[in-house]
>>> print(open('work.csv').read())   # CSV, C-alpha atoms
chain,number,residue,atom,x,y,z
A,1,LEU,CA,126.0,-121.2,-309.8
A,2,GLY,CA,127.4,-121.1,-313.3
A,3,LEU,CA,126.8,-124.9,-313.8
A,4,ARG,CA,123.2,-124.5,-312.6
A,5,LYS,CA,122.5,-121.6,-314.9
A,6,SER,CA,124.0,-123.5,-317.9
A,7,ILE,CA,121.9,-126.6,-317.2
A,8,GLY,CA,118.8,-124.5,-316.8
A,9,PHE,CA,119.4,-122.5,-320.0
A,10,ILE,CA,120.0,-125.6,-322.1
A,11,GLY,CA,116.9,-127.2,-320.7
A,12,MET,CA,114.6,-124.3,-321.3
A,13,VAL,CA,115.7,-123.7,-325.0
A,14,LEU,CA,116.3,-127.3,-326.2
A,15,PRO,CA,112.7,-128.1,-327.2
A,16,ILE,CA,112.3,-124.7,-328.9
A,17,VAL,CA,115.6,-125.0,-330.8
A,18,LEU,CA,114.8,-128.6,-331.9
A,19,ALA,CA,111.3,-127.8,-333.2
A,20,PHE,CA,112.1,-124.5,-335.0
A,21,GLY,CA,115.5,-125.8,-336.2
A,22,LYS,CA,113.8,-128.8,-337.9
A,23,ILE,CA,111.1,-126.6,-339.4
A,24,VAL,CA,113.6,-124.1,-340.8
A,25,LEU,CA,116.4,-126.5,-341.9
A,26,GLY,CA,114.4,-129.6,-342.7
A,27,SER,CA,110.7,-130.0,-343.2
A,28,PRO,CA,107.5,-128.5,-341.7
A,29,GLY,CA,105.8,-130.0,-338.8
A,30,ILE,CA,106.5,-131.2,-335.3
A,31,LEU,CA,107.8,-134.7,-334.6
A,32,ASP,CA,106.0,-137.1,-332.2
A,33,SER,CA,108.6,-136.8,-329.4
A,34,ILE,CA,111.8,-134.9,-328.4
A,35,SER,CA,113.8,-138.2,-329.0
A,36,ALA,CA,112.5,-138.5,-332.5
A,37,TYR,CA,114.6,-135.4,-333.5
A,38,TYR,CA,117.5,-137.8,-333.5
A,39,TYR,CA,116.3,-138.8,-336.9
A,40,SER,CA,116.1,-135.3,-338.2
A,41,VAL,CA,118.5,-132.6,-339.3
A,42,MET,CA,118.7,-131.6,-335.6
A,43,ARG,CA,120.4,-134.8,-334.6
A,44,GLU,CA,123.7,-133.1,-333.7
A,45,ILE,CA,122.0,-130.4,-331.6
A,46,PHE,CA,119.9,-133.1,-329.8
A,47,VAL,CA,122.9,-135.3,-329.0
A,48,GLY,CA,125.3,-132.4,-328.3
A,49,SER,CA,122.8,-130.7,-325.9
A,50,LEU,CA,122.3,-133.9,-323.9
A,51,CYS,CA,126.1,-134.5,-323.7
A,52,ALA,CA,126.5,-130.9,-322.5
A,53,ILE,CA,123.9,-131.4,-319.8
A,54,ALA,CA,125.5,-134.7,-318.9
A,55,ILE,CA,129.0,-133.1,-318.5
A,56,PHE,CA,127.5,-130.3,-316.3
A,57,LEU,CA,125.6,-132.8,-314.2
A,58,LEU,CA,128.7,-135.0,-313.7
A,59,SER,CA,130.7,-131.9,-312.8
A,60,TYR,CA,128.1,-130.7,-310.4
A,61,ARG,CA,129.4,-130.9,-306.8
A,62,TYR,CA,127.5,-129.7,-303.7
A,63,GLU,CA,126.5,-132.1,-301.0
A,64,ARG,CA,127.0,-135.9,-301.2
A,65,GLN,CA,123.4,-136.6,-302.0
A,66,ASP,CA,123.4,-134.0,-304.8
A,67,ASP,CA,126.6,-135.4,-306.2
A,68,ILE,CA,125.2,-139.0,-306.4
A,69,VAL,CA,121.9,-137.9,-307.9
A,70,GLY,CA,123.7,-135.5,-310.3
A,71,ASP,CA,126.0,-138.3,-311.5
A,72,LEU,CA,123.0,-140.6,-312.0
A,73,ALA,CA,121.3,-137.9,-314.0
A,74,GLY,CA,124.5,-137.3,-316.0
A,75,VAL,CA,125.0,-140.9,-316.9
A,76,SER,CA,121.3,-141.1,-317.9
A,77,ALA,CA,121.6,-138.1,-320.2
A,78,ILE,CA,124.6,-139.8,-321.9
A,79,GLY,CA,122.5,-143.0,-322.2
A,80,ILE,CA,119.7,-141.0,-323.9
A,81,ALA,CA,122.1,-139.5,-326.4
A,82,LEU,CA,124.1,-142.7,-327.2
A,83,PHE,CA,121.1,-145.1,-327.3
A,84,PRO,CA,118.5,-143.5,-329.6
A,85,THR,CA,114.8,-144.3,-329.6
A,86,ALA,CA,113.7,-146.8,-332.2
A,87,PRO,CA,112.6,-145.3,-335.6
A,88,ASP,CA,108.9,-145.2,-336.2
A,89,VAL,CA,109.2,-147.1,-339.5
A,90,SER,CA,110.9,-150.4,-340.2
A,91,ALA,CA,112.7,-150.7,-336.9
A,92,THR,CA,114.9,-153.8,-336.6
A,93,GLU,CA,115.0,-156.0,-333.5
A,94,HIS,CA,118.4,-154.5,-332.6
A,95,GLN,CA,117.0,-151.0,-332.9
A,96,MET,CA,114.0,-152.0,-330.7
A,97,MET,CA,116.4,-153.2,-328.0
A,98,ILE,CA,118.4,-150.0,-328.1
A,99,GLY,CA,115.0,-148.1,-328.0
A,100,TRP,CA,114.2,-149.9,-324.7
A,101,LEU,CA,117.5,-148.8,-323.3
A,102,HIS,CA,116.7,-145.3,-324.4
A,103,LEU,CA,113.4,-145.5,-322.6
A,104,LEU,CA,115.0,-146.7,-319.4
A,105,PHE,CA,117.6,-143.9,-319.4
A,106,SER,CA,114.9,-141.3,-320.2
A,107,ILE,CA,112.8,-142.4,-317.2
A,108,CYS,CA,115.8,-142.4,-314.9
A,109,PHE,CA,116.8,-139.0,-316.2
A,110,PHE,CA,113.4,-137.4,-315.6
A,111,LEU,CA,112.9,-139.0,-312.2
A,112,THR,CA,116.3,-137.7,-311.0
A,113,LEU,CA,115.4,-134.2,-312.2
A,114,ALA,CA,112.1,-134.4,-310.4
A,115,PHE,CA,114.0,-135.5,-307.3
A,116,PHE,CA,116.3,-132.5,-307.6
A,117,ALA,CA,113.4,-130.1,-307.8
A,118,LEU,CA,111.1,-131.7,-305.2
A,119,VAL,CA,113.7,-132.7,-302.6
A,120,LEU,CA,117.2,-131.5,-302.9
A,121,PHE,CA,116.6,-127.9,-304.1
A,122,ARG,CA,114.0,-127.4,-301.4
A,123,LYS,CA,116.2,-128.3,-298.5
A,124,THR,CA,116.8,-125.6,-295.9
A,125,ASP,CA,119.6,-125.1,-293.5
A,126,PRO,CA,118.1,-126.0,-290.1
A,127,ASP,CA,120.2,-123.4,-288.4
A,128,LYS,CA,118.9,-120.6,-290.5
A,129,LYS,CA,115.4,-119.1,-290.9
A,130,PRO,CA,114.2,-119.4,-294.5
A,131,THR,CA,114.0,-116.0,-296.2
A,132,ARG,CA,111.0,-114.7,-298.2
A,133,ARG,CA,112.9,-115.4,-301.4
A,134,LYS,CA,113.7,-119.0,-300.3
A,135,HIS,CA,110.0,-119.6,-299.7
A,136,GLN,CA,109.3,-118.3,-303.2
A,137,ARG,CA,112.1,-120.4,-304.8
A,138,ASN,CA,110.7,-123.5,-303.0
A,139,MET,CA,107.3,-122.9,-304.5
A,140,VAL,CA,108.9,-122.7,-307.9
A,141,TYR,CA,110.8,-126.0,-307.3
A,142,LEU,CA,107.7,-127.7,-306.1
A,143,CYS,CA,105.7,-126.6,-309.1
A,144,CYS,CA,108.5,-127.7,-311.5
A,145,GLY,CA,108.9,-131.1,-309.8
A,146,ILE,CA,105.2,-131.7,-309.9
A,147,ALA,CA,105.1,-130.7,-313.5
A,148,ILE,CA,107.8,-133.2,-314.4
A,149,VAL,CA,106.1,-136.1,-312.5
A,150,VAL,CA,102.7,-135.3,-314.0
A,151,CYS,CA,104.1,-135.1,-317.5
A,152,LEU,CA,105.7,-138.5,-317.0
A,153,VAL,CA,102.5,-140.1,-315.8
A,154,LEU,CA,100.5,-138.6,-318.7
A,155,ILE,CA,103.1,-139.9,-321.2
A,156,ALA,CA,102.8,-143.3,-319.7
A,157,LEU,CA,99.0,-143.2,-319.9
A,158,ILE,CA,99.1,-142.1,-323.5
A,159,GLN,CA,101.2,-145.1,-324.4
A,160,PHE,CA,98.5,-147.4,-323.1
A,161,LEU,CA,95.6,-145.6,-324.7
A,162,PRO,CA,94.1,-147.2,-327.8
A,163,GLY,CA,94.9,-145.3,-331.0
A,164,HIS,CA,92.7,-142.2,-331.6
A,165,PRO,CA,92.9,-140.5,-335.0
A,166,TRP,CA,92.5,-137.1,-333.3
A,167,LEU,CA,95.3,-137.6,-330.8
A,168,GLN,CA,98.2,-138.4,-333.0
A,169,PRO,CA,98.3,-135.1,-335.0
A,170,LEU,CA,98.5,-133.2,-331.7
A,171,HIS,CA,101.8,-134.8,-330.8
A,172,PRO,CA,101.0,-135.0,-327.1
A,173,VAL,CA,104.3,-136.8,-326.1
A,174,PHE,CA,106.3,-134.0,-327.7
A,175,TRP,CA,104.5,-131.3,-325.8
A,176,LEU,CA,104.6,-133.2,-322.5
A,177,GLU,CA,108.3,-134.0,-322.8
A,178,SER,CA,108.9,-130.3,-323.7
A,179,LEU,CA,107.0,-129.1,-320.7
A,180,ALA,CA,109.0,-131.5,-318.4
A,181,ILE,CA,112.3,-130.4,-319.9
A,182,ILE,CA,111.4,-126.7,-319.6
A,183,ALA,CA,110.2,-127.2,-316.0
A,184,PHE,CA,113.6,-128.8,-315.2
A,185,GLY,CA,115.3,-125.9,-316.9
A,186,ILE,CA,113.4,-123.4,-314.9
A,187,ALA,CA,114.2,-125.1,-311.6
A,188,TRP,CA,117.9,-125.1,-312.3
A,189,PHE,CA,117.8,-121.6,-313.6
A,190,VAL,CA,116.3,-120.4,-310.3
A,191,LYS,CA,118.7,-122.5,-308.3
A,192,GLY,CA,121.5,-120.7,-310.2
A,193,GLU,CA,120.2,-117.5,-308.5
A,194,THR,CA,119.4,-115.9,-311.9
A,195,ILE,CA,116.1,-114.9,-310.5
A,196,LEU,CA,114.5,-114.8,-307.0
A,197,LYS,CA,118.0,-114.3,-305.4
A,198,ASP,CA,118.1,-113.4,-301.7
A,199,GLU,CA,118.0,-109.7,-301.2
>>> encode(input="work.csv", output="structure tokens")
Amino acid sequence: LGLRKSIGFIGMVLPIVLAFGKIVLGSPGILDSISAYYYSVMREIFVGSLCAIAIFLLSYRYERQDDIVGDLAGVSAIGIALFPTAPDVSATEHQMMIGWLHLLFSICFFLTLAFFALVLFRKTDPDKKPTRRKHQRNMVYLCCGIAIVVCLVLIALIQFLPGHPWLQPLHPVFWLESLAIIAFGIAWFVKGETILKDE
């Protein structure tokens, strides 16, 4: 339960800390993506938070399927931290290659988190009748999982859209990534029985 709460807490506050930390300690404005904060004054917070999430996920032990998916998500989180996205300006061929690895780890990370929320967290003991609270928690997990998947799809669609002058200043990828991360954090926070615990 403690691991679940810790993972959930970090997930919920990470986008907020990165955005406000950069504004207070660095320069005004929001960056185009969560990963772009690697190239800001918040680099250590970004990398440290991902490594903390990775350690918690790798340490997470429940049922065999949970262990496997948790290990996959943990390795993906480490990959995101150690292989940064390519910088927006003057990226070398080497940095672009590392950026592709970052993208692959990010997709794997978010998909495993969606799988946790949509499948693993919603499992019910067949020998027990689900409680009212369990039904409520399952609804939260379902909404969080759907939010993660929808955000991923929208991010993919944005990458294929032709450039629109009005879209870039809105930083859509940052907001969609933030929503997906917060949704993942809420799911783990609820799974940690912080709220909607059985009476």
>>> closest_residue(input="work.csv", among="A:Ala91, A:Val69, A:Leu157, A:Met96", to="Leu113 (chain A)", atoms="only C-alpha atoms")
A:Val69
>>> closest_atom_pairs(input="work.csv", of="region 23-85 of chain A", to="region 175-195 of chain A", cutoff="9 Å", atoms="only C-alpha atoms", output="JSON lines")
{"residue": "A:Asp32", "atom": "CA", "partner": "A:Trp175", "partner_atom": "CA", "distance": 8.8}
{"residue": "A:Ser33", "atom": "CA", "partner": "A:Glu177", "partner_atom": "CA", "distance": 7.2}
{"residue": "A:Ile34", "atom": "CA", "partner": "A:Glu177", "partner_atom": "CA", "distance": 6.7}
>>> atom_distance(input="work.csv", atom1="CA of His94 (chain A)", atom2="CA of Ser76 (chain A)")
20.1 Å
>>> atom_distance(input="work.csv", atom1="CA of Pro126 (chain A)", atom2="CA of Ser59 (chain A)")
26.6 Å
>>> atom_distance(input="work.csv", atom1="CA of Tyr38 (chain A)", atom2="CA of Tyr60 (chain A)")
26.4 Å
>>> closest_residue(input="work.csv", among="A:Leu111, A:Leu1, A:Ile98, A:Leu72", to="Leu152 (chain A)", atoms="all atoms listed in the file")
A:Leu111
>>> closest_residue(input="work.csv", among="A:Ser6, A:Thr112, A:Ser35, A:Ser40", to="Phe20 (chain A)", atoms="only C-alpha atoms")
A:Ser40
>>> residues_near_point(input="work.csv", point="(115.4, -130.1, -300.2)", cutoff="12 Å", atoms="all atoms listed in the file", output="list in words")
Glu63, Gln65, Asp66, Ala114, Phe115, Phe116, Ala117, Leu118, Val119, Leu120, Phe121, Arg122, Lys123, Thr124, Asp125, Pro126, Lys134, His135, Arg137, Asn138, Met139, Tyr141, Leu142, Gly145 and Lys191 of chain A
>>> closest_residue(input="work.csv", among="A:Leu25, A:Leu57, A:Cys51, A:Ile107", to="Ala81 (chain A)", atoms="only C-alpha atoms")
A:Cys51
>>> closest_residue(input="work.csv", among="A:Val47, A:Ala19, A:Ile53, A:Leu104", to="Leu82 (chain A)", atoms="all atoms listed in the file")
A:Val47
>>> residues_around(input="work.csv", residues="Leu18 (chain A)", least_positions_apart="4", cutoff="10 Å", atoms="all atoms listed in the file", output="MDAnalysis selection string")
chainID A and resid 13:14 22:23 30:31 34 37:38 40:43 45:46
>>> write_last_selection(input="work.csv", atoms="C-alpha atoms", output="short mmCIF file (atom, residue, chain, number, x, y, z; two decimals), in the frame of the given file")
data_model
loop_
_atom_site.label_atom_id
_atom_site.label_comp_id
_atom_site.auth_asym_id
_atom_site.auth_seq_id
_atom_site.Cartn_x
_atom_site.Cartn_y
_atom_site.Cartn_z
CA VAL A 13 115.70 -123.70 -325.00
CA LEU A 14 116.30 -127.30 -326.20
CA LYS A 22 113.80 -128.80 -337.90
CA ILE A 23 111.10 -126.60 -339.40
CA ILE A 30 106.50 -131.20 -335.30
CA LEU A 31 107.80 -134.70 -334.60
CA ILE A 34 111.80 -134.90 -328.40
CA TYR A 37 114.60 -135.40 -333.50
CA TYR A 38 117.50 -137.80 -333.50
CA SER A 40 116.10 -135.30 -338.20
CA VAL A 41 118.50 -132.60 -339.30
CA MET A 42 118.70 -131.60 -335.60
CA ARG A 43 120.40 -134.80 -334.60
CA ILE A 45 122.00 -130.40 -331.60
CA PHE A 46 119.90 -133.10 -329.80
#
>>> closest_residue(input="work.csv", among="A:Ala52, A:Ala73, A:Ile80, A:Ile148", to="Phe109 (chain A)", atoms="only C-alpha atoms")
A:Ala73
>>> residues_around(input="work.csv", residues="Met97 (chain A)", least_positions_apart="5", cutoff="10 Å", atoms="all atoms listed in the file", output="list in words")
Phe83, Thr85, Ala86, Ala91, Thr92, His102 and Leu103 of chain A
>>> write_last_selection(input="work.csv", atoms="C-alpha atoms", output="CSV table (one decimal), in the frame of the given file")
chain,number,residue,atom,x,y,z
A,83,PHE,CA,121.1,-145.1,-327.3
A,85,THR,CA,114.8,-144.3,-329.6
A,86,ALA,CA,113.7,-146.8,-332.2
A,91,ALA,CA,112.7,-150.7,-336.9
A,92,THR,CA,114.9,-153.8,-336.6
A,102,HIS,CA,116.7,-145.3,-324.4
A,103,LEU,CA,113.4,-145.5,-322.6
>>> build_atoms(input="work.csv", residues="region 56-67 of chain A", atoms="all heavy atoms", output="CSV table (one decimal), keeping the file's coordinate frame")
chain,number,residue,atom,x,y,z
A,56,PHE,N,127.8,-131.2,-317.4
A,56,PHE,CA,127.5,-130.3,-316.3
A,56,PHE,C,127.0,-131.0,-315.1
A,56,PHE,O,127.4,-130.7,-314.0
A,56,PHE,CB,126.5,-129.2,-316.8
A,56,PHE,CG,127.0,-128.2,-317.8
A,56,PHE,CD1,126.1,-127.7,-318.8
A,56,PHE,CD2,128.3,-127.8,-317.7
A,56,PHE,CE1,126.6,-126.8,-319.7
A,56,PHE,CE2,128.8,-126.9,-318.6
A,56,PHE,CZ,127.9,-126.4,-319.6
A,57,LEU,N,126.1,-132.0,-315.3
A,57,LEU,CA,125.6,-132.8,-314.2
A,57,LEU,C,126.7,-133.6,-313.5
A,57,LEU,O,126.8,-133.7,-312.3
A,57,LEU,CB,124.5,-133.7,-314.6
A,57,LEU,CG,123.1,-132.9,-314.9
A,57,LEU,CD1,122.2,-133.9,-315.6
A,57,LEU,CD2,122.5,-132.4,-313.7
A,58,LEU,N,127.6,-134.2,-314.3
A,58,LEU,CA,128.7,-135.0,-313.7
A,58,LEU,C,129.7,-134.1,-313.0
A,58,LEU,O,130.4,-134.6,-312.1
A,58,LEU,CB,129.3,-135.8,-314.9
A,58,LEU,CG,128.5,-137.0,-315.4
A,58,LEU,CD1,129.2,-137.5,-316.7
A,58,LEU,CD2,128.3,-138.1,-314.4
A,59,SER,N,129.8,-132.9,-313.5
A,59,SER,CA,130.7,-131.9,-312.8
A,59,SER,C,130.1,-131.2,-311.6
A,59,SER,O,130.9,-130.6,-310.9
A,59,SER,CB,131.2,-130.9,-313.9
A,59,SER,OG,131.7,-131.5,-315.0
A,60,TYR,N,128.8,-131.4,-311.5
A,60,TYR,CA,128.1,-130.7,-310.4
A,60,TYR,C,128.5,-131.3,-309.0
A,60,TYR,O,128.3,-132.5,-308.8
A,60,TYR,CB,126.6,-130.8,-310.6
A,60,TYR,CG,125.8,-130.0,-309.6
A,60,TYR,CD1,125.8,-128.7,-309.5
A,60,TYR,CD2,125.0,-130.7,-308.7
A,60,TYR,CE1,125.0,-128.0,-308.6
A,60,TYR,CE2,124.2,-130.1,-307.8
A,60,TYR,CZ,124.2,-128.7,-307.7
A,60,TYR,OH,123.4,-128.0,-306.8
A,61,ARG,N,129.0,-130.4,-308.1
A,61,ARG,CA,129.4,-130.9,-306.8
A,61,ARG,C,128.8,-129.9,-305.8
A,61,ARG,O,129.0,-128.7,-305.8
A,61,ARG,CB,131.0,-130.9,-306.7
A,61,ARG,CG,131.6,-132.0,-307.5
A,61,ARG,CD,131.3,-133.3,-307.0
A,61,ARG,NE,131.8,-134.4,-307.8
A,61,ARG,CZ,131.2,-135.0,-308.7
A,61,ARG,NH1,129.9,-134.7,-309.0
A,61,ARG,NH2,131.7,-136.0,-309.4
A,62,TYR,N,128.1,-130.5,-304.8
A,62,TYR,CA,127.5,-129.7,-303.7
A,62,TYR,C,127.6,-130.5,-302.5
A,62,TYR,O,128.7,-130.7,-301.9
A,62,TYR,CB,126.1,-129.3,-304.1
A,62,TYR,CG,125.5,-128.3,-303.2
A,62,TYR,CD1,126.1,-127.0,-303.0
A,62,TYR,CD2,124.3,-128.5,-302.5
A,62,TYR,CE1,125.6,-126.1,-302.1
A,62,TYR,CE2,123.8,-127.6,-301.7
A,62,TYR,CZ,124.4,-126.4,-301.5
A,62,TYR,OH,123.9,-125.4,-300.6
A,63,GLU,N,126.5,-131.1,-302.1
A,63,GLU,CA,126.5,-132.1,-301.0
A,63,GLU,C,126.5,-133.5,-301.5
A,63,GLU,O,126.3,-133.7,-302.7
A,63,GLU,CB,125.3,-131.9,-300.0
A,63,GLU,CG,125.3,-130.5,-299.3
A,63,GLU,CD,124.1,-130.3,-298.4
A,63,GLU,OE1,123.2,-131.2,-298.5
A,63,GLU,OE2,124.1,-129.3,-297.7
A,64,ARG,N,126.8,-134.5,-300.7
A,64,ARG,CA,127.0,-135.9,-301.2
A,64,ARG,C,125.8,-136.4,-301.9
A,64,ARG,O,125.9,-137.0,-303.0
A,64,ARG,CB,127.3,-136.8,-300.0
A,64,ARG,CG,127.5,-138.3,-300.4
A,64,ARG,CD,128.0,-139.1,-299.3
A,64,ARG,NE,128.0,-140.5,-299.6
A,64,ARG,CZ,129.0,-141.1,-300.4
A,64,ARG,NH1,129.9,-140.3,-300.9
A,64,ARG,NH2,128.9,-142.4,-300.6
A,65,GLN,N,124.6,-136.1,-301.4
A,65,GLN,CA,123.4,-136.6,-302.0
A,65,GLN,C,123.2,-136.0,-303.4
A,65,GLN,O,122.8,-136.6,-304.4
A,65,GLN,CB,122.2,-136.4,-301.2
A,65,GLN,CG,120.9,-137.1,-301.6
A,65,GLN,CD,119.8,-137.0,-300.6
A,65,GLN,OE1,119.7,-136.0,-299.9
A,65,GLN,NE2,118.9,-137.9,-300.6
A,66,ASP,N,123.5,-134.7,-303.5
A,66,ASP,CA,123.4,-134.0,-304.8
A,66,ASP,C,124.4,-134.5,-305.8
A,66,ASP,O,124.1,-134.7,-306.9
A,66,ASP,CB,123.8,-132.5,-304.6
A,66,ASP,CG,122.8,-131.8,-303.6
A,66,ASP,OD1,122.8,-132.1,-302.4
A,66,ASP,OD2,122.0,-131.0,-304.1
A,67,ASP,N,125.6,-134.9,-305.3
A,67,ASP,CA,126.6,-135.4,-306.2
A,67,ASP,C,126.2,-136.8,-306.8
A,67,ASP,O,126.3,-137.0,-308.0
A,67,ASP,CB,128.0,-135.6,-305.4
A,67,ASP,CG,128.5,-134.3,-304.9
A,67,ASP,OD1,128.1,-133.3,-305.3
A,67,ASP,OD2,129.5,-134.4,-304.1
